[in-house]
file structure.cif (mmCIF, C-alpha atoms)
data_model
loop_
_atom_site.label_atom_id
_atom_site.label_comp_id
_atom_site.auth_asym_id
_atom_site.auth_seq_id
_atom_site.Cartn_x
_atom_site.Cartn_y
_atom_site.Cartn_z
CA MET T 222 22.56 -50.29 11.59
CA SER T 223 21.16 -46.95 10.55
CA GLU T 224 22.65 -44.94 7.74
CA SER T 225 23.98 -42.22 10.00
CA THR T 226 26.32 -44.32 12.09
CA ASP T 227 29.44 -42.27 11.65
CA ILE T 228 32.29 -42.34 14.11
CA LEU T 229 35.33 -40.12 14.20
CA LEU T 230 37.94 -42.20 16.00
CA VAL T 231 40.71 -40.03 17.44
CA GLU T 232 43.40 -42.52 18.35
CA ASP T 233 47.14 -42.74 17.77
CA ASP T 234 47.69 -46.36 18.78
CA PRO T 235 47.50 -48.64 15.71
CA SER T 236 46.51 -51.69 17.73
CA ASP T 237 43.60 -49.83 19.32
CA VAL T 238 42.53 -48.57 15.90
CA HIS T 239 42.63 -52.10 14.58
CA LEU T 240 40.57 -53.51 17.43
CA ALA T 241 37.96 -50.78 17.22
CA LEU T 242 37.54 -51.27 13.48
CA ALA T 243 37.26 -55.01 13.94
CA VAL T 244 34.47 -54.55 16.48
CA PHE T 245 32.62 -52.04 14.30
CA ARG T 246 32.81 -54.53 11.45
CA THR T 247 31.30 -57.34 13.52
CA LEU T 248 28.38 -55.05 14.28
CA GLN T 249 27.79 -54.80 10.54
CA MET T 250 27.92 -51.07 10.49
CA GLN T 251 27.22 -50.08 6.95
CA GLN T 252 28.82 -46.75 7.41
CA GLY T 253 32.12 -46.73 9.06
CA CYS T 254 34.68 -44.79 10.80
CA VAL T 255 37.16 -42.06 10.00
CA VAL T 256 40.42 -42.35 11.90
CA VAL T 257 42.66 -39.46 12.86
CA ASN T 258 45.76 -39.54 15.04
CA ASP T 259 45.43 -36.47 17.23
CA GLY T 260 43.27 -33.54 18.21
CA GLU T 261 44.62 -31.25 15.53
CA GLU T 262 43.64 -33.65 12.80
CA ALA T 263 40.26 -34.16 14.45
CA MET T 264 39.55 -30.43 14.36
CA GLU T 265 40.62 -30.34 10.72
CA PHE T 266 38.07 -33.04 10.04
CA LEU T 267 35.28 -31.46 12.08
CA GLU T 268 35.83 -28.08 10.45
CA SER T 269 36.48 -29.56 6.98
CA ARG T 270 39.92 -27.99 6.77
CA GLY T 271 43.30 -29.09 5.46
CA ARG T 272 43.32 -32.51 3.91
CA PHE T 273 39.66 -32.87 4.87
CA SER T 274 38.57 -29.75 3.01
CA GLN T 275 37.07 -31.83 0.22
CA ARG T 276 35.22 -34.28 2.39
CA ALA T 277 31.46 -34.60 2.21
CA PRO T 278 29.67 -32.19 4.57
CA GLY T 279 28.39 -33.38 7.91
CA LEU T 280 29.41 -34.09 11.44
CA PRO T 281 29.99 -37.53 12.92
CA ARG T 282 27.41 -39.20 15.06
CA LEU T 283 30.06 -39.80 17.69
CA VAL T 284 33.59 -38.66 18.42
CA LEU T 285 35.50 -41.47 20.11
CA LEU T 286 38.46 -39.89 21.77
CA ASP T 287 41.71 -41.09 23.29
CA LEU T 288 43.19 -38.75 25.89
CA LYS T 289 46.92 -39.18 25.47
CA MET T 290 47.97 -38.15 21.99
CA PRO T 291 50.65 -36.02 20.36
CA ARG T 292 50.13 -32.35 19.47
CA VAL T 293 46.55 -31.52 20.58
CA ASN T 294 45.64 -34.08 23.24
CA GLY T 295 42.21 -35.43 24.12
CA PHE T 296 41.39 -32.90 26.84
CA ASP T 297 42.29 -29.97 24.61
CA LEU T 298 40.19 -31.36 21.78
CA LEU T 299 37.26 -32.04 24.11
CA GLN T 300 37.43 -28.45 25.34
CA GLN T 301 37.52 -27.10 21.79
CA ILE T 302 34.50 -29.15 20.77
CA LYS T 303 32.41 -28.36 23.82
CA THR T 304 33.06 -24.61 23.61
CA ASP T 305 32.35 -24.38 19.89
CA ALA T 306 28.78 -23.31 19.13
CA GLU T 307 28.66 -25.48 16.01
CA LEU T 308 30.21 -28.57 17.54
CA LYS T 309 29.27 -28.64 21.21
CA CYS T 310 26.26 -30.93 20.75
CA VAL T 311 28.27 -33.63 18.99
CA PRO T 312 28.49 -36.56 21.42
CA VAL T 313 32.03 -37.22 22.59
CA VAL T 314 33.00 -40.40 24.42
CA VAL T 315 36.47 -40.71 25.88
CA LEU T 316 38.12 -44.09 25.34
CA THR T 317 41.23 -44.28 27.47
CA SER T 318 43.37 -46.49 29.63
CA SER T 319 43.20 -44.00 32.49
CA ARG T 320 40.80 -44.60 35.34
CA GLU T 321 42.40 -41.89 37.45
CA ALA T 322 39.76 -39.85 39.23
CA ARG T 323 41.31 -36.55 38.16
CA ASP T 324 41.11 -37.54 34.49
CA VAL T 325 37.53 -38.75 34.80
CA GLU T 326 36.53 -35.63 36.70
CA ARG T 327 38.23 -33.30 34.23
CA ALA T 328 36.56 -34.98 31.28
CA TYR T 329 33.11 -34.60 32.83
CA ASP T 330 33.86 -31.00 33.78
CA LEU T 331 34.68 -30.32 30.14
CA GLY T 332 31.34 -31.79 29.08
CA VAL T 333 32.17 -35.28 27.90
CA ASN T 334 29.13 -37.43 27.11
CA GLY T 335 30.68 -40.69 28.23
CA TYR T 336 33.94 -42.08 29.58
CA VAL T 337 35.03 -45.63 28.86
CA VAL T 338 38.16 -47.28 30.20
CA LYS T 339 40.09 -49.63 27.95
CA GLY T 340 40.26 -52.90 29.76
CA ILE T 341 43.43 -54.92 30.10
CA ASP T 342 41.60 -58.15 29.40
CA PHE T 343 41.10 -58.44 25.65
CA ALA T 344 37.69 -60.09 25.83
CA ASP T 345 36.43 -57.49 28.28
CA TYR T 346 37.71 -54.66 26.14
CA ARG T 347 36.12 -56.05 23.02
CA ALA T 348 32.80 -56.51 24.81
CA THR T 349 33.00 -52.95 26.10
CA LEU T 350 33.67 -51.64 22.61
CA ARG T 351 30.70 -53.57 21.27
CA THR T 352 28.45 -52.14 23.96
CA LEU T 353 29.73 -48.64 23.24
CA ALA T 354 29.36 -48.89 19.48
CA ASP T 355 25.93 -50.47 19.72
CA TYR T 356 24.59 -47.80 22.05
CA TRP T 357 26.02 -44.72 20.36
CA GLY T 358 25.60 -46.02 16.84
CA ARG T 359 22.12 -47.44 17.09
CA VAL T 360 20.30 -46.25 20.21
CA ASN T 361 21.41 -42.72 20.89
CA GLU T 362 19.49 -39.93 19.18
CA HIS T 363 22.01 -37.71 17.50
CA PRO T 364 21.69 -33.94 17.69
CA PRO T 365 19.77 -32.40 14.77
CA GLY T 366 21.06 -29.75 12.43
CA GLY T 367 24.52 -30.98 11.93
CA VAL T 368 24.54 -34.71 12.24
CA GLY T 369 22.61 -37.33 10.39
CA SER T 370 21.01 -37.56 7.00
CA SER T 371 21.43 -33.98 5.91
CA ARG T 372 25.07 -33.71 6.87
CA SER T 373 26.11 -37.29 7.28
CA VAL T 374 29.57 -38.47 6.42
CA PRO T 375 29.13 -40.99 3.60
CA VAL T 376 31.81 -43.36 4.75
CA LYS T 377 31.20 -47.00 4.01
CA VAL T 378 33.14 -50.01 5.12
CA SER T 379 33.30 -52.73 2.52
CA SER T 380 35.00 -56.05 2.84
CA LYS T 381 37.66 -54.90 0.43
CA GLU T 382 38.38 -51.88 2.55
CA ASP T 383 38.41 -53.99 5.68
CA ALA T 384 40.98 -56.24 4.09
CA GLY T 385 43.02 -53.15 3.41
CA ARG T 386 42.73 -52.08 7.00
CA LEU T 387 43.96 -55.43 8.20
CA ALA T 388 46.90 -55.25 5.80
CA ALA T 389 47.76 -51.84 7.18
CA TYR T 390 47.69 -53.00 10.77
CA HIS T 391 51.41 -53.54 11.00
CA ALA T 392 52.28 -50.26 9.42
CA ARG T 393 53.25 -47.26 11.46
CA SER T 394 50.47 -45.24 13.04
CA TRP T 395 50.46 -42.44 10.47
CA GLY T 396 50.68 -44.93 7.69
CA VAL T 397 47.65 -46.79 8.98
CA THR T 398 45.58 -43.68 9.21
CA ALA T 399 46.55 -42.40 5.81
CA PHE T 400 45.77 -45.80 4.34
CA ILE T 401 42.37 -46.06 5.96
CA ASN T 402 41.30 -42.56 5.20
CA ARG T 403 42.41 -42.72 1.60
CA PHE T 404 39.59 -45.24 1.17
CA ALA T 405 37.17 -43.97 3.77
CA LEU T 406 37.16 -40.39 2.55
CA ALA T 407 37.16 -41.10 -1.14
CA PRO T 408 34.05 -39.93 -3.02
CA ARG T 409 31.63 -42.78 -3.65
CA GLY T 410 30.70 -43.70 -7.14
CA GLY T 411 27.51 -45.42 -8.18
CA MET F 112 16.83 -53.41 45.49
CA SER F 113 20.29 -52.49 46.66
CA ALA F 114 20.53 -49.62 49.14
CA LEU F 115 22.83 -47.88 46.68
CA PRO F 116 21.35 -48.13 43.19
CA ARG F 117 23.47 -47.72 40.12
CA ILE F 118 20.58 -46.36 38.05
CA LEU F 119 18.00 -43.79 39.07
CA LEU F 120 14.96 -44.19 36.84
CA VAL F 121 12.56 -41.27 36.78
CA GLU F 122 9.27 -42.52 35.38
CA GLY F 123 5.73 -41.78 36.46
CA ALA F 124 3.74 -43.64 33.82
CA PRO F 125 3.07 -47.25 34.89
CA ASP F 126 3.08 -48.66 31.36
CA GLU F 127 6.35 -46.98 30.50
CA LEU F 128 7.83 -48.12 33.80
CA ARG F 129 6.96 -51.73 32.99
CA LEU F 130 8.70 -51.48 29.65
CA ALA F 131 11.76 -49.88 31.17
CA LEU F 132 12.06 -52.52 33.87
CA SER F 133 11.63 -55.23 31.28
CA GLY F 134 14.64 -53.89 29.42
CA LEU F 135 16.68 -53.45 32.58
CA SER F 136 15.88 -56.96 33.75
CA ASP F 137 17.64 -58.32 30.68
CA THR F 138 20.90 -56.81 31.90
CA GLY F 139 20.90 -57.83 35.53
CA LEU F 140 20.61 -54.21 36.59
CA VAL F 141 16.97 -54.08 37.55
CA ARG F 142 17.86 -54.85 41.17
CA GLN F 143 20.26 -51.96 41.18
CA THR F 144 17.70 -49.47 39.97
CA ALA F 145 15.87 -46.97 42.11
CA ILE F 146 12.57 -45.65 40.82
CA VAL F 147 11.05 -42.25 41.44
CA LYS F 148 7.97 -40.87 39.78
CA ASP F 149 8.74 -37.21 39.06
CA GLN F 150 11.40 -34.54 39.08
CA GLY F 151 10.69 -33.53 42.68
CA GLU F 152 11.30 -37.05 43.92
CA ALA F 153 14.37 -37.32 41.71
CA LEU F 154 15.93 -34.26 43.30
CA ASP F 155 14.99 -35.50 46.77
CA PHE F 156 16.65 -38.81 45.98
CA LEU F 157 19.81 -37.25 44.59
CA HIS F 158 20.10 -34.98 47.61
CA ALA F 159 19.28 -37.88 49.97
CA ARG F 160 16.55 -35.92 51.68
CA GLY F 161 12.96 -36.47 52.76
CA PRO F 162 11.83 -40.06 52.21
CA PHE F 163 15.15 -40.80 50.50
CA ARG F 164 17.40 -39.84 53.40
CA ARG F 165 20.35 -42.21 53.57
CA GLN F 166 23.82 -42.45 55.01
CA ALA F 167 25.84 -43.11 51.91
CA SER F 168 26.89 -40.08 49.93
CA GLU F 169 27.37 -41.78 46.56
CA LEU F 170 25.19 -40.89 43.63
CA PRO F 171 23.82 -43.28 41.03
CA ALA F 172 25.99 -43.86 37.98
CA VAL F 173 23.26 -42.47 35.73
CA VAL F 174 19.89 -40.76 35.89
CA VAL F 175 17.45 -42.01 33.25
CA VAL F 176 14.46 -39.75 32.68
CA GLY F 177 11.67 -41.78 31.08
CA PRO F 178 9.21 -40.63 28.41
CA GLY F 179 6.31 -40.54 30.87
CA ILE F 180 7.88 -37.52 32.55
CA GLY F 181 7.33 -35.37 29.48
CA SER F 182 9.88 -33.20 27.76
CA PRO F 183 9.29 -29.94 29.68
CA ASP F 184 9.74 -31.61 33.07
CA ALA F 185 12.62 -33.74 31.79
CA LEU F 186 14.47 -30.66 30.57
CA SER F 187 13.65 -28.83 33.78
CA LEU F 188 15.12 -31.67 35.84
CA LEU F 189 18.20 -31.73 33.63
CA GLU F 190 18.66 -28.00 34.05
CA GLN F 191 18.41 -28.26 37.84
CA VAL F 192 20.89 -31.11 38.00
CA ARG F 193 23.41 -29.27 35.83
CA ALA F 194 23.04 -26.09 37.88
CA ASP F 195 23.74 -27.89 41.16
CA PRO F 196 27.46 -28.14 41.99
CA ALA F 197 26.86 -31.35 43.93
CA LEU F 198 25.10 -33.05 41.04
CA CYS F 199 26.36 -31.35 37.90
CA ARG F 200 28.61 -34.14 36.65
CA ILE F 201 26.16 -37.00 36.99
CA PRO F 202 25.27 -38.55 33.62
CA VAL F 203 21.69 -37.86 32.56
CA VAL F 204 19.91 -39.71 29.75
CA ILE F 205 16.60 -38.38 28.42
CA VAL F 206 14.17 -40.89 26.90
CA ALA F 207 11.46 -39.05 24.99
CA PHE F 208 8.43 -39.78 22.83
CA ALA F 209 9.32 -38.99 19.21
CA PRO F 210 11.35 -36.00 20.30
CA ASP F 211 11.20 -33.09 17.93
CA PRO F 212 14.53 -31.62 16.89
CA ASP F 213 14.14 -28.66 19.23
CA VAL F 214 13.77 -30.94 22.25
CA VAL F 215 16.82 -32.99 21.25
CA ARG F 216 18.85 -29.88 20.59
CA SER F 217 17.74 -28.33 23.89
CA ALA F 218 18.57 -31.50 25.79
CA TYR F 219 22.11 -31.59 24.44
CA ALA F 220 22.55 -27.86 24.88
CA LEU F 221 21.47 -28.18 28.53
CA GLY F 222 24.02 -30.93 29.07
CA ALA F 223 22.21 -34.22 28.51
CA ASN F 224 24.74 -36.98 28.06
CA SER F 225 22.44 -38.83 25.70
CA VAL F 226 18.95 -38.71 24.23
CA VAL F 227 17.00 -41.83 23.32
CA SER F 228 13.82 -41.87 21.28
CA ARG F 229 10.92 -43.93 22.60
CA HIS F 230 10.36 -46.43 19.79
CA THR F 231 6.75 -47.25 18.87
CA ASP F 232 7.59 -50.94 18.58
CA ILE F 233 7.55 -52.15 22.17
CA SER F 234 10.10 -54.91 21.65
CA VAL F 235 12.52 -52.46 20.07
CA HIS F 236 11.93 -50.00 22.89
CA VAL F 237 12.60 -52.65 25.54
CA GLU F 238 15.78 -53.63 23.74
CA ARG F 239 16.85 -49.97 23.67
CA TYR F 240 16.49 -49.83 27.44
CA ALA F 241 18.68 -52.91 27.71
CA ALA F 242 21.36 -51.31 25.54
CA LEU F 243 21.06 -48.13 27.57
CA ALA F 244 21.53 -50.02 30.82
CA LEU F 245 24.48 -51.97 29.47
CA PHE F 246 26.35 -48.87 28.44
CA TRP F 247 25.55 -46.60 31.38
CA GLY F 248 25.40 -49.28 34.02
CA TRP F 249 28.41 -51.34 33.01
CA ALA F 250 30.62 -49.81 30.33
CA ASN F 251 30.67 -46.15 31.25
CA GLU F 252 32.95 -44.86 33.98
CA PRO F 253 30.85 -42.49 36.08
CA PRO F 254 32.35 -39.33 37.54
CA PRO F 255 33.89 -39.43 41.03
CA GLY F 256 31.19 -39.48 43.66
CA CYS F 257 28.96 -41.76 41.66
CA LEU F 258 28.57 -45.41 42.48
CA LEU F 259 31.18 -47.58 40.79
CA GLN F 260 30.43 -51.13 39.92
CA PRO F 261 32.43 -53.68 41.92
CA LYS F 262 35.48 -54.77 39.99
CA SER F 263 34.35 -58.38 40.17
CA GLU F 264 31.27 -57.40 38.15
CA ARG F 265 33.13 -55.43 35.51
CA ARG F 266 32.60 -57.90 32.75
CA LEU F 267 30.31 -57.42 29.82
CA THR F 268 29.11 -60.47 28.03
#

call {"tool": "encode", "arguments": {"input": "structure.cif", "output": "structure tokens"}}
result
Amino acid sequence: MSESTDILLVEDDPSDVHLALAVFRTLQMQQGCVVVNDGEEAMEFLESRGRFSQRAPGLPRLVLLDLKMPRVNGFDLLQQIKTDAELKCVPVVVLTSSREARDVERAYDLGVNGYVVKGIDFADYRATLRTLADYWGRVNEHPPGGVGSSRSVPVKVSSKEDAGRLAAYHARSWGVTAFINRFALAPRGG
Amino acid sequence: MSALPRILLVEGAPDELRLALSGLSDTGLVRQTAIVKDQGEALDFLHARGPFRRQASELPAVVVVGPGIGSPDALSLLEQVRADPALCRIPVVIVAFAPDPDVVRSAYALGANSVVSRHTDISVHVERYAALALFWGWANEPPPGCLLQPKSERRLT
């Protein structure tokens, strides 16, 4: 996997976070994923504000976005990203349980790059996630001048961190995210 | 080929077309791919006019513009699709020879869903087409009006 495989996962369901991280790990992504629970946190990350003000500069290679979330939901976040001159080229893929035509249509109208429905069947869903992560992490050419080597997010997933993620799986949603990001966003030593 | 293809491949260079079809054949989607050779034919196909007149109103789930089309024509086609209310939501993927940053930036700014670089290693390039087809042909939910895959086929392996 290339160095600039960075995913901002915007998801409030701990089980979905766990599954996504497990799939990313099986793909041997050397650089991992930052997890936030809602659109407000995602914007804080993208704009390096709040608790993300000290993070390394750079934009993610992909924003993976749930639609139904507390505070700022997925549609509102998508609209904010796609109307922001600095952010609008960042690829955003919706990952949702909704296949309703009005949701799909609205997402495309707002400029979403892709729309993936979470399957009910576990094996199907995992295969879909693998396909998604493989394509957007390895094949897609990320936009220049904001994503990639010069502004990449140096987030690495090590086996130790993965073990931590698994241990956090049964915690509450906010607890999981705080746990993951405490490791994922920490400055890297030599 | 099915009467209603899931993928519209725009590619006028025979060698590039062979590579693309090789990648698509690995995914089972080659028989659900329509091929046109330039942007004029692509627009005719999408509007179901001229030699591409057909009864069904559905659109393909994705338009893939190959590297043989060239960046100026690829961006021009993208711009026309996005400006057309009947076509504006359809996913468009641009595959380009070593695209310079300006081309990639322009493609995203004009509304490309994805940009893929044409790899110099043929085997890698073919594999990229396979990954492209898997995501856009199977995993991605196209906008209303585009051809959905039958539910019985909605399984990635």

call {"tool": "interface_residues", "arguments": {"input": "structure.cif", "of": "chain F", "to": "chain T", "cutoff": "7 Å", "atoms": "all atoms listed in the file", "output": "PyMOL selection string"}}
result
chain F and resi 200+212+215-216+219-220+224-228+239+242-243+245-246+250-252+254-255+266-268

call {"tool": "residues_near_point", "arguments": {"input": "structure.cif", "point": "(13.7, -40.3, 42.3)", "cutoff": "6 Å", "atoms": "all atoms listed in the file", "output": "VMD selection string"}}
result
chain F and resid 121 146 to 147 152 to 153 156

call {"tool": "write_last_selection", "arguments": {"input": "structure.cif", "atoms": "C-alpha atoms", "output": "compact mmCIF listing (two decimals), in the frame of the given file"}}
result
# COMPACT_ATOMS: atom_id res chain seq x y z
CA VAL F 121 12.56 -41.27 36.78
CA ILE F 146 12.57 -45.65 40.82
CA VAL F 147 11.05 -42.25 41.44
CA GLU F 152 11.30 -37.05 43.92
CA ALA F 153 14.37 -37.32 41.71
CA PHE F 156 16.65 -38.81 45.98

call {"tool": "closest_residue", "arguments": {"input": "structure.cif", "among": "T:Asp227, T:Asp237, T:Phe245, T:Asn258", "to": "Val293 (chain T)", "atoms": "only C-alpha atoms"}}
result
T:Asn258

call {"tool": "resolve_selection", "arguments": {"input": "structure.cif", "expression": "the PyMOL selection byres ((chain F and resi 190) around 10)", "output": "ChimeraX atom specification"}}
result
/F:184-189,191-195,199,218,220-223

call {"tool": "resolve_selection", "arguments": {"input": "structure.cif", "expression": "the PyMOL selection byres ((chain F and resi 180) around 9)", "output": "ChimeraX atom specification"}}
result
/F:121-124,148-150,176-179,181-185,207

call {"tool": "resolve_selection", "arguments": {"input": "structure.cif", "expression": "the PyMOL selection byres ((chain F and resi 209) around 9)", "output": "compact mmCIF listing (two decimals) with C-alpha atoms, in the coordinates of the input"}}
result
# COMPACT_ATOMS: atom_id res chain seq x y z
CA ALA F 207 11.46 -39.05 24.99
CA PHE F 208 8.43 -39.78 22.83
CA PRO F 210 11.35 -36.00 20.30
CA ASP F 211 11.20 -33.09 17.93
CA SER F 228 13.82 -41.87 21.28
CA ARG F 229 10.92 -43.93 22.60
CA HIS F 230 10.36 -46.43 19.79
CA THR F 231 6.75 -47.25 18.87

call {"tool": "atom_distance", "arguments": {"input": "structure.cif", "atom1": "CA of Asp259 (chain T)", "atom2": "CA of Gly295 (chain T)"}}
result
7.7 Å

call {"tool": "closest_residue", "arguments": {"input": "structure.cif", "among": "F:Leu258, F:Ala145, F:Val175, F:Ile233", "to": "Leu130 (chain F)", "atoms": "only C-alpha atoms"}}
result
F:Ile233

call {"tool": "atom_distance", "arguments": {"input": "structure.cif", "atom1": "CA of Arg272 (chain T)", "atom2": "CA of Gln300 (chain T)"}}
result
22.6 Å

call {"tool": "residues_around", "arguments": {"input": "structure.cif", "residues": "Ile201 (chain F)", "least_positions_apart": "3", "cutoff": "7 Å", "atoms": "all atoms listed in the file", "output": "list of chain:residue names"}}
result
F:Ala172, F:Val173, F:Leu198, F:Pro254

call {"tool": "atom_distance", "arguments": {"input": "structure.cif", "atom1": "CA of Pro291 (chain T)", "atom2": "CA of Asp233 (chain T)"}}
result
8.0 Å

call {"tool": "closest_residue", "arguments": {"input": "structure.cif", "among": "T:Ile341, T:Leu308, T:Leu299, T:Val238", "to": "Leu267 (chain T)", "atoms": "all atoms listed in the file"}}
result
T:Leu308

call {"tool": "build_atoms", "arguments": {"input": "structure.cif", "residues": "region 241-252 of chain F", "atoms": "N, CA and C atoms", "output": "PDB file, in the coordinates of the input"}}
result
ATOM      1  N   ALA F 241      17.615 -51.967  27.349  1.00  0.00           N
ATOM      2  CA  ALA F 241      18.680 -52.910  27.710  1.00  0.00           C
ATOM      3  C   ALA F 241      20.041 -52.380  27.270  1.00  0.00           C
ATOM      4  N   ALA F 242      20.094 -51.862  26.036  1.00  0.00           N
ATOM      5  CA  ALA F 242      21.360 -51.310  25.540  1.00  0.00           C
ATOM      6  C   ALA F 242      21.782 -50.099  26.366  1.00  0.00           C
ATOM      7  N   LEU F 243      20.790 -49.299  26.722  1.00  0.00           N
ATOM      8  CA  LEU F 243      21.060 -48.130  27.570  1.00  0.00           C
ATOM      9  C   LEU F 243      21.672 -48.558  28.900  1.00  0.00           C
ATOM     10  N   ALA F 244      21.046 -49.551  29.511  1.00  0.00           N
ATOM     11  CA  ALA F 244      21.530 -50.020  30.820  1.00  0.00           C
ATOM     12  C   ALA F 244      22.922 -50.629  30.711  1.00  0.00           C
ATOM     13  N   LEU F 245      23.155 -51.358  29.634  1.00  0.00           N
ATOM     14  CA  LEU F 245      24.480 -51.970  29.470  1.00  0.00           C
ATOM     15  C   LEU F 245      25.572 -50.913  29.374  1.00  0.00           C
ATOM     16  N   PHE F 246      25.303 -49.884  28.574  1.00  0.00           N
ATOM     17  CA  PHE F 246      26.350 -48.870  28.440  1.00  0.00           C
ATOM     18  C   PHE F 246      26.523 -48.078  29.728  1.00  0.00           C
ATOM     19  N   TRP F 247      25.423 -47.512  30.231  1.00  0.00           N
ATOM     20  CA  TRP F 247      25.550 -46.600  31.380  1.00  0.00           C
ATOM     21  C   TRP F 247      25.749 -47.319  32.697  1.00  0.00           C
ATOM     22  N   GLY F 248      25.262 -48.539  32.767  1.00  0.00           N
ATOM     23  CA  GLY F 248      25.400 -49.280  34.020  1.00  0.00           C
ATOM     24  C   GLY F 248      26.673 -50.079  34.126  1.00  0.00           C
ATOM     25  N   TRP F 249      27.245 -50.464  32.974  1.00  0.00           N
ATOM     26  CA  TRP F 249      28.410 -51.340  33.010  1.00  0.00           C
ATOM     27  C   TRP F 249      29.632 -50.734  32.325  1.00  0.00           C
ATOM     28  N   ALA F 250      29.456 -50.225  31.120  1.00  0.00           N
ATOM     29  CA  ALA F 250      30.620 -49.810  30.330  1.00  0.00           C
ATOM     30  C   ALA F 250      31.139 -48.428  30.714  1.00  0.00           C
ATOM     31  N   ASN F 251      30.237 -47.520  31.007  1.00  0.00           N
ATOM     32  CA  ASN F 251      30.670 -46.150  31.250  1.00  0.00           C
ATOM     33  C   ASN F 251      31.262 -45.977  32.651  1.00  0.00           C
ATOM     34  N   GLU F 252      32.335 -45.201  32.702  1.00  0.00           N
ATOM     35  CA  GLU F 252      32.950 -44.860  33.980  1.00  0.00           C
ATOM     36  C   GLU F 252      32.261 -43.591  34.495  1.00  0.00           C
TER      37      GLU F 252
END
